[in-house]
Amino acid sequence: MSIVLSTEPLSASDRAERWHEAVLRTFVPLDVTLLEKEPSPGTIVSNQLGPLRISSVRAGPQMATRNGRMISRDDQESLILSLQHQGTAIKEQDGRESLIKSGEFSISDSSRPLRKKLEGEFSFTSFQFHRRELHVRDEDLRALTATAFTSDEGSAALVATYLARMAREAASFDDAVGRRVASTALGLVELLIEERCGRFASAAPQTGAAMLVRVKDHIMRNLSDPDLSPSQIAKAHFVSVRYVHKLFQMEGVTLGGWIRTQRLERCRRELLRPMARELGVAAIARDWGFASPSHFSRAFRAAYGMTPRDWQVEGLSGERRTGENG
């Protein structure tokens, strides 16, 4: 269930205090300074997916600061990844200052001082989780805080696409699905950090293999659907079509070729069932996602060296001979 905190119903004079409370309830303790004489309405909508708290924030210009005093009084060690949608943010941490523009994202670590300035009306989505949930080296994480990640290519594009889609669907996930989706998101963030710190070779196979297992499981559960497509598969896993193709390239096969092989194998087994003659070759092909009987016959011959009918006759004849000899 979504938690909504909003200052919109309040008068401008009452909004500042209520906004401070909303920020404190949602994030770690921060000193918030509103940069308007009459504060604009602010809204925070939050959902919890496993270890991830996802919060969509919309408000007017302000400055948020976390200093050493706040850190010493707070035992939380949270990481916050923020995906900027509207406006810009200037973030400072670990000796770096970066301008985060719309479509970009950045990572903050609550265990060290930080500052974030939003100079105009803005909106962003934050993904907050405990430091222990991210299995990366401290020095690698420290090297990338307050860094602008552009979402136009590579692992950063994959992370941004996945997180944005996950945030839009967060309220519809049940607990079990939410935990799995959050786990995948954290794995992708780990991959991004490892890649940026030169450890991509060791991290990518492990993360890619985990995603490939999920994708294959989805395909096998939807193998009979004639509308199963790269875009549908990518959408179901909150990743890009390009990334899905790259997962199968890791095994030296194509996505389409792997799906076709699985469908042909199911058809090959089905043709030997006692009810296969009554169903007919075309019906069996349709049941396993082949829209065209002629295409199925050509693919079957190419894979097994004979037509589906010949395979069926030979298989049934072999069963009769076995029964007669037994």
# chains A, B, ... in the order shown; residues from 1 in each chain; ligands from 1

call {"tool": "select_by_dssp", "arguments": {"residues": "segment 90-274 of chain A", "states": "helix (DSSP H, G or I)", "output": "JSON list (two decimals) with N, CA and C atoms, in the first residue's frame"}}
result
[["chain", "number", "residue", "atom", "x", "y", "z"],
["A", 131, "ARG", "N", 22.88, -0.26, 3.72],
["A", 131, "ARG", "CA", 24.18, -0.48, 3.08],
["A", 131, "ARG", "C", 24.50, -1.96, 2.92],
["A", 132, "ARG", "N", 24.09, -2.81, 3.87],
["A", 132, "ARG", "CA", 24.44, -4.23, 3.80],
["A", 132, "ARG", "C", 23.79, -4.95, 2.62],
["A", 133, "GLU", "N", 22.75, -4.34, 2.02],
["A", 133, "GLU", "CA", 22.07, -4.97, 0.89],
["A", 133, "GLU", "C", 22.89, -4.90, -0.40],
["A", 138, "ASP", "N", 33.66, -0.95, -0.12],
["A", 138, "ASP", "CA", 33.44, 0.41, 0.38],
["A", 138, "ASP", "C", 34.19, 1.45, -0.45],
["A", 139, "GLU", "N", 35.41, 1.12, -0.86],
["A", 139, "GLU", "CA", 36.17, 2.09, -1.64],
["A", 139, "GLU", "C", 35.56, 2.31, -3.02],
["A", 140, "ASP", "N", 34.94, 1.28, -3.59],
["A", 140, "ASP", "CA", 34.28, 1.44, -4.88],
["A", 140, "ASP", "C", 33.05, 2.32, -4.76],
["A", 141, "LEU", "N", 32.29, 2.11, -3.70],
["A", 141, "LEU", "CA", 31.10, 2.92, -3.48],
["A", 141, "LEU", "C", 31.48, 4.38, -3.22],
["A", 142, "ARG", "N", 32.48, 4.59, -2.38],
["A", 142, "ARG", "CA", 32.92, 5.94, -2.04],
["A", 142, "ARG", "C", 33.40, 6.70, -3.28],
["A", 154, "GLY", "N", 24.80, 1.62, -21.97],
["A", 154, "GLY", "CA", 25.50, 0.74, -21.05],
["A", 154, "GLY", "C", 24.69, 0.34, -19.84],
["A", 155, "SER", "N", 25.40, -0.05, -18.79],
["A", 155, "SER", "CA", 24.75, -0.51, -17.57],
["A", 155, "SER", "C", 23.90, 0.57, -16.92],
["A", 156, "ALA", "N", 24.32, 1.83, -17.03],
["A", 156, "ALA", "CA", 23.53, 2.91, -16.44],
["A", 156, "ALA", "C", 22.15, 3.00, -17.08],
["A", 157, "ALA", "N", 22.09, 2.80, -18.40],
["A", 157, "ALA", "CA", 20.80, 2.81, -19.08],
["A", 157, "ALA", "C", 19.92, 1.67, -18.60],
["A", 158, "LEU", "N", 20.53, 0.51, -18.40],
["A", 158, "LEU", "CA", 19.78, -0.64, -17.90],
["A", 158, "LEU", "C", 19.24, -0.38, -16.50],
["A", 159, "VAL", "N", 20.08, 0.17, -15.62],
["A", 159, "VAL", "CA", 19.65, 0.47, -14.26],
["A", 159, "VAL", "C", 18.52, 1.50, -14.26],
["A", 160, "ALA", "N", 18.68, 2.58, -15.03],
["A", 160, "ALA", "CA", 17.66, 3.62, -15.06],
["A", 160, "ALA", "C", 16.33, 3.10, -15.59],
["A", 161, "THR", "N", 16.37, 2.31, -16.66],
["A", 161, "THR", "CA", 15.15, 1.76, -17.24],
["A", 161, "THR", "C", 14.44, 0.83, -16.26],
["A", 162, "TYR", "N", 15.21, -0.04, -15.63],
["A", 162, "TYR", "CA", 14.63, -1.00, -14.69],
["A", 162, "TYR", "C", 14.01, -0.29, -13.49],
["A", 163, "LEU", "N", 14.76, 0.65, -12.91],
["A", 163, "LEU", "CA", 14.27, 1.34, -11.71],
["A", 163, "LEU", "C", 13.03, 2.17, -12.01],
["A", 164, "ALA", "N", 13.02, 2.86, -13.14],
["A", 164, "ALA", "CA", 11.86, 3.68, -13.48],
["A", 164, "ALA", "C", 10.62, 2.83, -13.65],
["A", 165, "ARG", "N", 10.77, 1.70, -14.34],
["A", 165, "ARG", "CA", 9.61, 0.81, -14.55],
["A", 165, "ARG", "C", 9.18, 0.18, -13.22],
["A", 166, "MET", "N", 10.13, -0.23, -12.40],
["A", 166, "MET", "CA", 9.80, -0.81, -11.12],
["A", 166, "MET", "C", 9.03, 0.18, -10.25],
["A", 167, "ALA", "N", 9.45, 1.45, -10.27],
["A", 167, "ALA", "CA", 8.77, 2.46, -9.46],
["A", 167, "ALA", "C", 7.33, 2.65, -9.93],
["A", 168, "ARG", "N", 7.10, 2.63, -11.24],
["A", 168, "ARG", "CA", 5.74, 2.81, -11.76],
["A", 168, "ARG", "C", 4.83, 1.65, -11.34],
["A", 169, "GLU", "N", 5.37, 0.45, -11.24],
["A", 169, "GLU", "CA", 4.56, -0.72, -10.95],
["A", 169, "GLU", "C", 4.58, -1.12, -9.48],
["A", 170, "ALA", "N", 5.32, -0.40, -8.65],
["A", 170, "ALA", "CA", 5.59, -0.84, -7.28],
["A", 170, "ALA", "C", 4.32, -1.15, -6.49],
["A", 171, "ALA", "N", 3.32, -0.34, -6.63],
["A", 171, "ALA", "CA", 2.11, -0.53, -5.82],
["A", 171, "ALA", "C", 1.34, -1.80, -6.17],
["A", 172, "SER", "N", 1.60, -2.36, -7.34],
["A", 172, "SER", "CA", 0.85, -3.54, -7.79],
["A", 172, "SER", "C", 1.50, -4.87, -7.42],
["A", 175, "ASP", "N", 4.12, -9.14, -1.94],
["A", 175, "ASP", "CA", 5.38, -9.17, -1.19],
["A", 175, "ASP", "C", 6.43, -10.03, -1.86],
["A", 176, "ALA", "N", 6.02, -11.23, -2.30],
["A", 176, "ALA", "CA", 7.00, -12.16, -2.88],
["A", 176, "ALA", "C", 7.59, -11.61, -4.17],
["A", 177, "VAL", "N", 6.73, -11.09, -5.05],
["A", 177, "VAL", "CA", 7.21, -10.52, -6.30],
["A", 177, "VAL", "C", 8.06, -9.28, -6.02],
["A", 178, "GLY", "N", 7.62, -8.46, -5.06],
["A", 178, "GLY", "CA", 8.36, -7.26, -4.72],
["A", 178, "GLY", "C", 9.77, -7.56, -4.27],
["A", 179, "ARG", "N", 9.94, -8.60, -3.47],
["A", 179, "ARG", "CA", 11.28, -8.97, -3.01],
["A", 179, "ARG", "C", 12.16, -9.40, -4.17],
["A", 180, "ARG", "N", 11.61, -10.17, -5.11],
["A", 180, "ARG", "CA", 12.39, -10.64, -6.26],
["A", 180, "ARG", "C", 12.77, -9.47, -7.17],
["A", 181, "VAL", "N", 11.83, -8.57, -7.39],
["A", 181, "VAL", "CA", 12.10, -7.41, -8.24],
["A", 181, "VAL", "C", 13.17, -6.54, -7.60],
["A", 182, "ALA", "N", 13.07, -6.33, -6.28],
["A", 182, "ALA", "CA", 14.07, -5.52, -5.58],
["A", 182, "ALA", "C", 15.44, -6.18, -5.62],
["A", 183, "SER", "N", 15.48, -7.49, -5.49],
["A", 183, "SER", "CA", 16.75, -8.20, -5.55],
["A", 183, "SER", "C", 17.43, -8.02, -6.90],
["A", 184, "THR", "N", 16.65, -8.08, -7.97],
["A", 184, "THR", "CA", 17.20, -7.86, -9.31],
["A", 184, "THR", "C", 17.73, -6.43, -9.44],
["A", 185, "ALA", "N", 16.98, -5.46, -8.91],
["A", 185, "ALA", "CA", 17.42, -4.07, -8.98],
["A", 185, "ALA", "C", 18.76, -3.87, -8.28],
["A", 186, "LEU", "N", 18.91, -4.45, -7.09],
["A", 186, "LEU", "CA", 20.17, -4.31, -6.36],
["A", 186, "LEU", "C", 21.32, -4.99, -7.11],
["A", 187, "GLY", "N", 21.02, -6.13, -7.75],
["A", 187, "GLY", "CA", 22.04, -6.80, -8.54],
["A", 187, "GLY", "C", 22.52, -5.94, -9.69],
["A", 188, "LEU", "N", 21.60, -5.22, -10.31],
["A", 188, "LEU", "CA", 21.98, -4.35, -11.43],
["A", 188, "LEU", "C", 22.81, -3.16, -10.95],
["A", 189, "VAL", "N", 22.47, -2.63, -9.77],
["A", 189, "VAL", "CA", 23.27, -1.52, -9.22],
["A", 189, "VAL", "C", 24.68, -2.02, -8.89],
["A", 190, "GLU", "N", 24.77, -3.22, -8.32],
["A", 190, "GLU", "CA", 26.09, -3.80, -8.05],
["A", 190, "GLU", "C", 26.90, -3.93, -9.34],
["A", 191, "LEU", "N", 26.24, -4.41, -10.39],
["A", 191, "LEU", "CA", 26.91, -4.56, -11.68],
["A", 191, "LEU", "C", 27.44, -3.22, -12.18],
["A", 192, "LEU", "N", 26.63, -2.18, -12.05],
["A", 192, "LEU", "CA", 27.04, -0.86, -12.50],
["A", 192, "LEU", "C", 28.27, -0.37, -11.75],
["A", 193, "ILE", "N", 28.27, -0.53, -10.43],
["A", 193, "ILE", "CA", 29.40, -0.07, -9.62],
["A", 193, "ILE", "C", 30.66, -0.87, -9.95],
["A", 194, "GLU", "N", 30.51, -2.19, -10.08],
["A", 194, "GLU", "CA", 31.66, -3.02, -10.42],
["A", 194, "GLU", "C", 32.22, -2.63, -11.78],
["A", 195, "GLU", "N", 31.33, -2.36, -12.73],
["A", 195, "GLU", "CA", 31.77, -1.98, -14.07],
["A", 195, "GLU", "C", 32.53, -0.66, -14.03],
["A", 196, "ARG", "N", 31.99, 0.34, -13.34],
["A", 196, "ARG", "CA", 32.62, 1.65, -13.31],
["A", 196, "ARG", "C", 33.97, 1.62, -12.58],
["A", 200, "PHE", "N", 34.21, -5.24, -13.90],
["A", 200, "PHE", "CA", 33.08, -5.74, -14.68],
["A", 200, "PHE", "C", 33.22, -7.20, -15.04],
["A", 201, "ALA", "N", 34.43, -7.64, -15.37],
["A", 201, "ALA", "CA", 34.62, -9.01, -15.86],
["A", 201, "ALA", "C", 34.17, -10.05, -14.86],
["A", 202, "SER", "N", 34.43, -9.79, -13.56],
["A", 202, "SER", "CA", 34.05, -10.78, -12.57],
["A", 202, "SER", "C", 32.60, -10.67, -12.15],
["A", 203, "ALA", "N", 32.03, -9.48, -12.27],
["A", 203, "ALA", "CA", 30.65, -9.28, -11.78],
["A", 203, "ALA", "C", 29.62, -9.61, -12.83],
["A", 204, "ALA", "N", 29.90, -9.31, -14.10],
["A", 204, "ALA", "CA", 28.88, -9.43, -15.14],
["A", 204, "ALA", "C", 28.36, -10.84, -15.33],
["A", 205, "PRO", "N", 29.23, -11.88, -15.39],
["A", 205, "PRO", "CA", 28.71, -13.22, -15.62],
["A", 205, "PRO", "C", 27.74, -13.66, -14.52],
["A", 206, "GLN", "N", 28.09, -13.35, -13.24],
["A", 206, "GLN", "CA", 27.23, -13.77, -12.15],
["A", 206, "GLN", "C", 25.88, -13.09, -12.21],
["A", 207, "THR", "N", 25.88, -11.78, -12.43],
["A", 207, "THR", "CA", 24.62, -11.04, -12.49],
["A", 207, "THR", "C", 23.83, -11.41, -13.72],
["A", 208, "GLY", "N", 24.51, -11.51, -14.87],
["A", 208, "GLY", "CA", 23.84, -11.88, -16.10],
["A", 208, "GLY", "C", 23.26, -13.27, -16.04],
["A", 209, "ALA", "N", 23.98, -14.19, -15.41],
["A", 209, "ALA", "CA", 23.49, -15.56, -15.31],
["A", 209, "ALA", "C", 22.21, -15.63, -14.49],
["A", 210, "ALA", "N", 22.15, -14.83, -13.40],
["A", 210, "ALA", "CA", 20.94, -14.82, -12.58],
["A", 210, "ALA", "C", 19.75, -14.30, -13.38],
["A", 211, "MET", "N", 19.97, -13.23, -14.14],
["A", 211, "MET", "CA", 18.89, -12.69, -14.97],
["A", 211, "MET", "C", 18.49, -13.67, -16.06],
["A", 212, "LEU", "N", 19.47, -14.36, -16.65],
["A", 212, "LEU", "CA", 19.18, -15.32, -17.72],
["A", 212, "LEU", "C", 18.30, -16.45, -17.21],
["A", 213, "VAL", "N", 18.54, -16.91, -15.99],
["A", 213, "VAL", "CA", 17.71, -17.96, -15.40],
["A", 213, "VAL", "C", 16.26, -17.48, -15.29],
["A", 214, "ARG", "N", 16.06, -16.23, -14.85],
["A", 214, "ARG", "CA", 14.71, -15.69, -14.71],
["A", 214, "ARG", "C", 14.03, -15.56, -16.07],
["A", 215, "VAL", "N", 14.80, -15.10, -17.06],
["A", 215, "VAL", "CA", 14.23, -14.92, -18.40],
["A", 215, "VAL", "C", 13.84, -16.27, -19.00],
["A", 216, "LYS", "N", 14.69, -17.26, -18.85],
["A", 216, "LYS", "CA", 14.37, -18.59, -19.39],
["A", 216, "LYS", "C", 13.14, -19.18, -18.70],
["A", 217, "ASP", "N", 13.06, -18.98, -17.40],
["A", 217, "ASP", "CA", 11.88, -19.48, -16.67],
["A", 217, "ASP", "C", 10.61, -18.82, -17.19],
["A", 218, "HIS", "N", 10.67, -17.52, -17.44],
["A", 218, "HIS", "CA", 9.51, -16.80, -17.99],
["A", 218, "HIS", "C", 9.14, -17.35, -19.37],
["A", 219, "ILE", "N", 10.13, -17.59, -20.20],
["A", 219, "ILE", "CA", 9.87, -18.10, -21.55],
["A", 219, "ILE", "C", 9.21, -19.47, -21.48],
["A", 220, "MET", "N", 9.74, -20.36, -20.63],
["A", 220, "MET", "CA", 9.19, -21.71, -20.55],
["A", 220, "MET", "C", 7.75, -21.70, -20.04],
["A", 221, "ARG", "N", 7.42, -20.75, -19.16],
["A", 221, "ARG", "CA", 6.05, -20.66, -18.65],
["A", 221, "ARG", "C", 5.09, -20.04, -19.67],
["A", 230, "PRO", "N", 10.55, -10.64, -28.02],
["A", 230, "PRO", "CA", 11.62, -9.99, -27.26],
["A", 230, "PRO", "C", 11.12, -8.80, -26.45],
["A", 231, "SER", "N", 10.24, -7.99, -27.03],
["A", 231, "SER", "CA", 9.76, -6.81, -26.30],
["A", 231, "SER", "C", 8.90, -7.21, -25.11],
["A", 232, "GLN", "N", 8.09, -8.26, -25.28],
["A", 232, "GLN", "CA", 7.25, -8.72, -24.16],
["A", 232, "GLN", "C", 8.11, -9.28, -23.04],
["A", 233, "ILE", "N", 9.13, -10.03, -23.40],
["A", 233, "ILE", "CA", 10.04, -10.61, -22.41],
["A", 233, "ILE", "C", 10.78, -9.50, -21.67],
["A", 234, "ALA", "N", 11.29, -8.52, -22.42],
["A", 234, "ALA", "CA", 12.01, -7.41, -21.81],
["A", 234, "ALA", "C", 11.11, -6.63, -20.86],
["A", 235, "LYS", "N", 9.88, -6.38, -21.28],
["A", 235, "LYS", "CA", 8.93, -5.62, -20.45],
["A", 235, "LYS", "C", 8.63, -6.35, -19.15],
["A", 236, "ALA", "N", 8.51, -7.68, -19.21],
["A", 236, "ALA", "CA", 8.20, -8.47, -18.02],
["A", 236, "ALA", "C", 9.33, -8.44, -17.00],
["A", 241, "VAL", "N", 15.25, -4.58, -24.59],
["A", 241, "VAL", "CA", 15.29, -5.69, -25.55],
["A", 241, "VAL", "C", 16.74, -6.03, -25.88],
["A", 242, "ARG", "N", 17.55, -5.00, -26.01],
["A", 242, "ARG", "CA", 18.97, -5.23, -26.32],
["A", 242, "ARG", "C", 19.64, -6.07, -25.25],
["A", 243, "TYR", "N", 19.31, -5.81, -23.99],
["A", 243, "TYR", "CA", 19.93, -6.56, -22.90],
["A", 243, "TYR", "C", 19.49, -8.03, -22.93],
["A", 244, "VAL", "N", 18.23, -8.28, -23.23],
["A", 244, "VAL", "CA", 17.76, -9.67, -23.32],
["A", 244, "VAL", "C", 18.54, -10.43, -24.40],
["A", 245, "HIS", "N", 18.73, -9.80, -25.56],
["A", 245, "HIS", "CA", 19.50, -10.44, -26.62],
["A", 245, "HIS", "C", 20.94, -10.71, -26.17],
["A", 246, "LYS", "N", 21.52, -9.78, -25.42],
["A", 246, "LYS", "CA", 22.90, -9.95, -24.96],
["A", 246, "LYS", "C", 23.02, -11.11, -23.97],
["A", 247, "LEU", "N", 21.98, -11.35, -23.18],
["A", 247, "LEU", "CA", 22.01, -12.47, -22.24],
["A", 247, "LEU", "C", 22.17, -13.80, -22.97],
["A", 248, "PHE", "N", 21.45, -13.95, -24.08],
["A", 248, "PHE", "CA", 21.54, -15.20, -24.83],
["A", 248, "PHE", "C", 22.83, -15.30, -25.63],
["A", 249, "GLN", "N", 23.36, -14.15, -26.03],
["A", 249, "GLN", "CA", 24.65, -14.15, -26.71],
["A", 249, "GLN", "C", 25.75, -14.67, -25.81],
["A", 255, "LEU", "N", 18.16, -15.37, -29.07],
["A", 255, "LEU", "CA", 16.91, -15.49, -28.33],
["A", 255, "LEU", "C", 15.88, -16.25, -29.14],
["A", 256, "GLY", "N", 15.70, -15.85, -30.41],
["A", 256, "GLY", "CA", 14.71, -16.51, -31.25],
["A", 256, "GLY", "C", 15.04, -17.98, -31.47],
["A", 257, "GLY", "N", 16.32, -18.29, -31.65],
["A", 257, "GLY", "CA", 16.73, -19.67, -31.86],
["A", 257, "GLY", "C", 16.47, -20.53, -30.64],
["A", 258, "TRP", "N", 16.70, -19.97, -29.44],
["A", 258, "TRP", "CA", 16.48, -20.74, -28.22],
["A", 258, "TRP", "C", 14.99, -21.02, -28.02],
["A", 259, "ILE", "N", 14.15, -20.02, -28.26],
["A", 259, "ILE", "CA", 12.70, -20.23, -28.13],
["A", 259, "ILE", "C", 12.23, -21.27, -29.14],
["A", 260, "ARG", "N", 12.69, -21.16, -30.38],
["A", 260, "ARG", "CA", 12.28, -22.12, -31.42],
["A", 260, "ARG", "C", 12.69, -23.55, -31.04],
["A", 261, "THR", "N", 13.89, -23.71, -30.52],
["A", 261, "THR", "CA", 14.36, -25.04, -30.12],
["A", 261, "THR", "C", 13.49, -25.63, -29.02],
["A", 262, "GLN", "N", 13.12, -24.81, -28.04],
["A", 262, "GLN", "CA", 12.28, -25.30, -26.94],
["A", 262, "GLN", "C", 10.89, -25.68, -27.44],
["A", 263, "ARG", "N", 10.35, -24.90, -28.36],
["A", 263, "ARG", "CA", 9.02, -25.21, -28.90],
["A", 263, "ARG", "C", 9.05, -26.48, -29.75],
["A", 264, "LEU", "N", 10.08, -26.62, -30.54],
["A", 264, "LEU", "CA", 10.20, -27.82, -31.37],
["A", 264, "LEU", "C", 10.34, -29.06, -30.52],
["A", 265, "GLU", "N", 11.09, -28.96, -29.45],
["A", 265, "GLU", "CA", 11.26, -30.11, -28.57],
["A", 265, "GLU", "C", 9.94, -30.51, -27.92],
["A", 266, "ARG", "N", 9.14, -29.53, -27.51],
["A", 266, "ARG", "CA", 7.84, -29.86, -26.92],
["A", 266, "ARG", "C", 6.93, -30.49, -27.96],
["A", 267, "CYS", "N", 6.97, -29.98, -29.19],
["A", 267, "CYS", "CA", 6.16, -30.57, -30.25],
["A", 267, "CYS", "C", 6.61, -31.99, -30.57],
["A", 268, "ARG", "N", 7.91, -32.20, -30.60],
["A", 268, "ARG", "CA", 8.46, -33.54, -30.90],
["A", 268, "ARG", "C", 7.95, -34.56, -29.88],
["A", 269, "ARG", "N", 7.93, -34.19, -28.62],
["A", 269, "ARG", "CA", 7.43, -35.10, -27.59],
["A", 269, "ARG", "C", 5.93, -35.30, -27.72],
["A", 270, "GLU", "N", 5.22, -34.20, -28.02],
["A", 270, "GLU", "CA", 3.76, -34.25, -28.10],
["A", 270, "GLU", "C", 3.30, -35.15, -29.24]]

call {"tool": "closest_atom_pairs", "arguments": {"of": "segment 38-80 of chain A", "to": "segment 84-102 of chain A", "cutoff": "10 Å", "atoms": "only C-alpha atoms", "output": "CSV"}}
result
residue,atom,partner,partner_atom,distance
A:Ser56,CA,A:His85,CA,9.8
A:Val57,CA,A:His85,CA,9.8
A:Arg58,CA,A:Gln86,CA,8.8
A:Gly60,CA,A:Gly87,CA,9.8
A:Pro61,CA,A:Gly87,CA,9.5
A:Gln62,CA,A:Ala89,CA,9.9
A:Met63,CA,A:Ile90,CA,9.4
A:Ala64,CA,A:Lys91,CA,9.6
A:Thr65,CA,A:Glu92,CA,9.5

call {"tool": "select_by_dssp", "arguments": {"residues": "segment 39-169 of chain A", "states": "strand (DSSP E or B)", "output": "ChimeraX atom specification"}}
result
/A:43-49,52-59,62-66,78-86,89-93,96-100,105-109,114-118,122-130,149

call {"tool": "atom_distance", "arguments": {"atom1": "atom CA of Gly50 of chain A", "atom2": "atom CA of Phe173 of chain A"}}
result
10.5 Å

call {"tool": "closest_residue", "arguments": {"among": "A:Met1, A:Leu114, A:Gly120, A:Ile71", "to": "Leu34 of chain A", "atoms": "only C-alpha atoms"}}
result
A:Gly120

call {"tool": "residues_around", "arguments": {"residues": "segment 3-10 of chain A", "least_positions_apart": "4", "cutoff": "10 Å", "atoms": "only C-alpha atoms", "output": "PyMOL selection string"}}
result
chain A and resi 14-19+21-23+25-26+39-48+55-59

call {"tool": "atom_distance", "arguments": {"atom1": "atom CA of His130 of chain A", "atom2": "atom CA of Leu79 of chain A"}}
result
6.1 Å

call {"tool": "closest_residue", "arguments": {"among": "A:His135, A:Arg309, A:Arg73, A:Arg301", "to": "Ala282 of chain A", "atoms": "only C-alpha atoms"}}
result
A:Arg309

call {"tool": "residues_around", "arguments": {"residues": "Ala291 of chain A", "least_positions_apart": "6", "cutoff": "12 Å", "atoms": "only C-alpha atoms", "output": "PyMOL selection string"}}
result
chain A and resi 224-228+263+282-285+297

call {"tool": "closest_residue", "arguments": {"among": "A:Thr147, A:Ala299, A:Phe105, A:Leu83", "to": "Ser123 of chain A", "atoms": "only C-alpha atoms"}}
result
A:Leu83

call {"tool": "residues_around", "arguments": {"residues": "Met70 of chain A", "least_positions_apart": "5", "cutoff": "10 Å", "atoms": "only C-alpha atoms", "output": "count of residues only"}}
result
10

call {"tool": "atom_distance", "arguments": {"atom1": "atom CA of Leu272 of chain A", "atom2": "atom CA of Gln312 of chain A"}}
result
5.9 Å
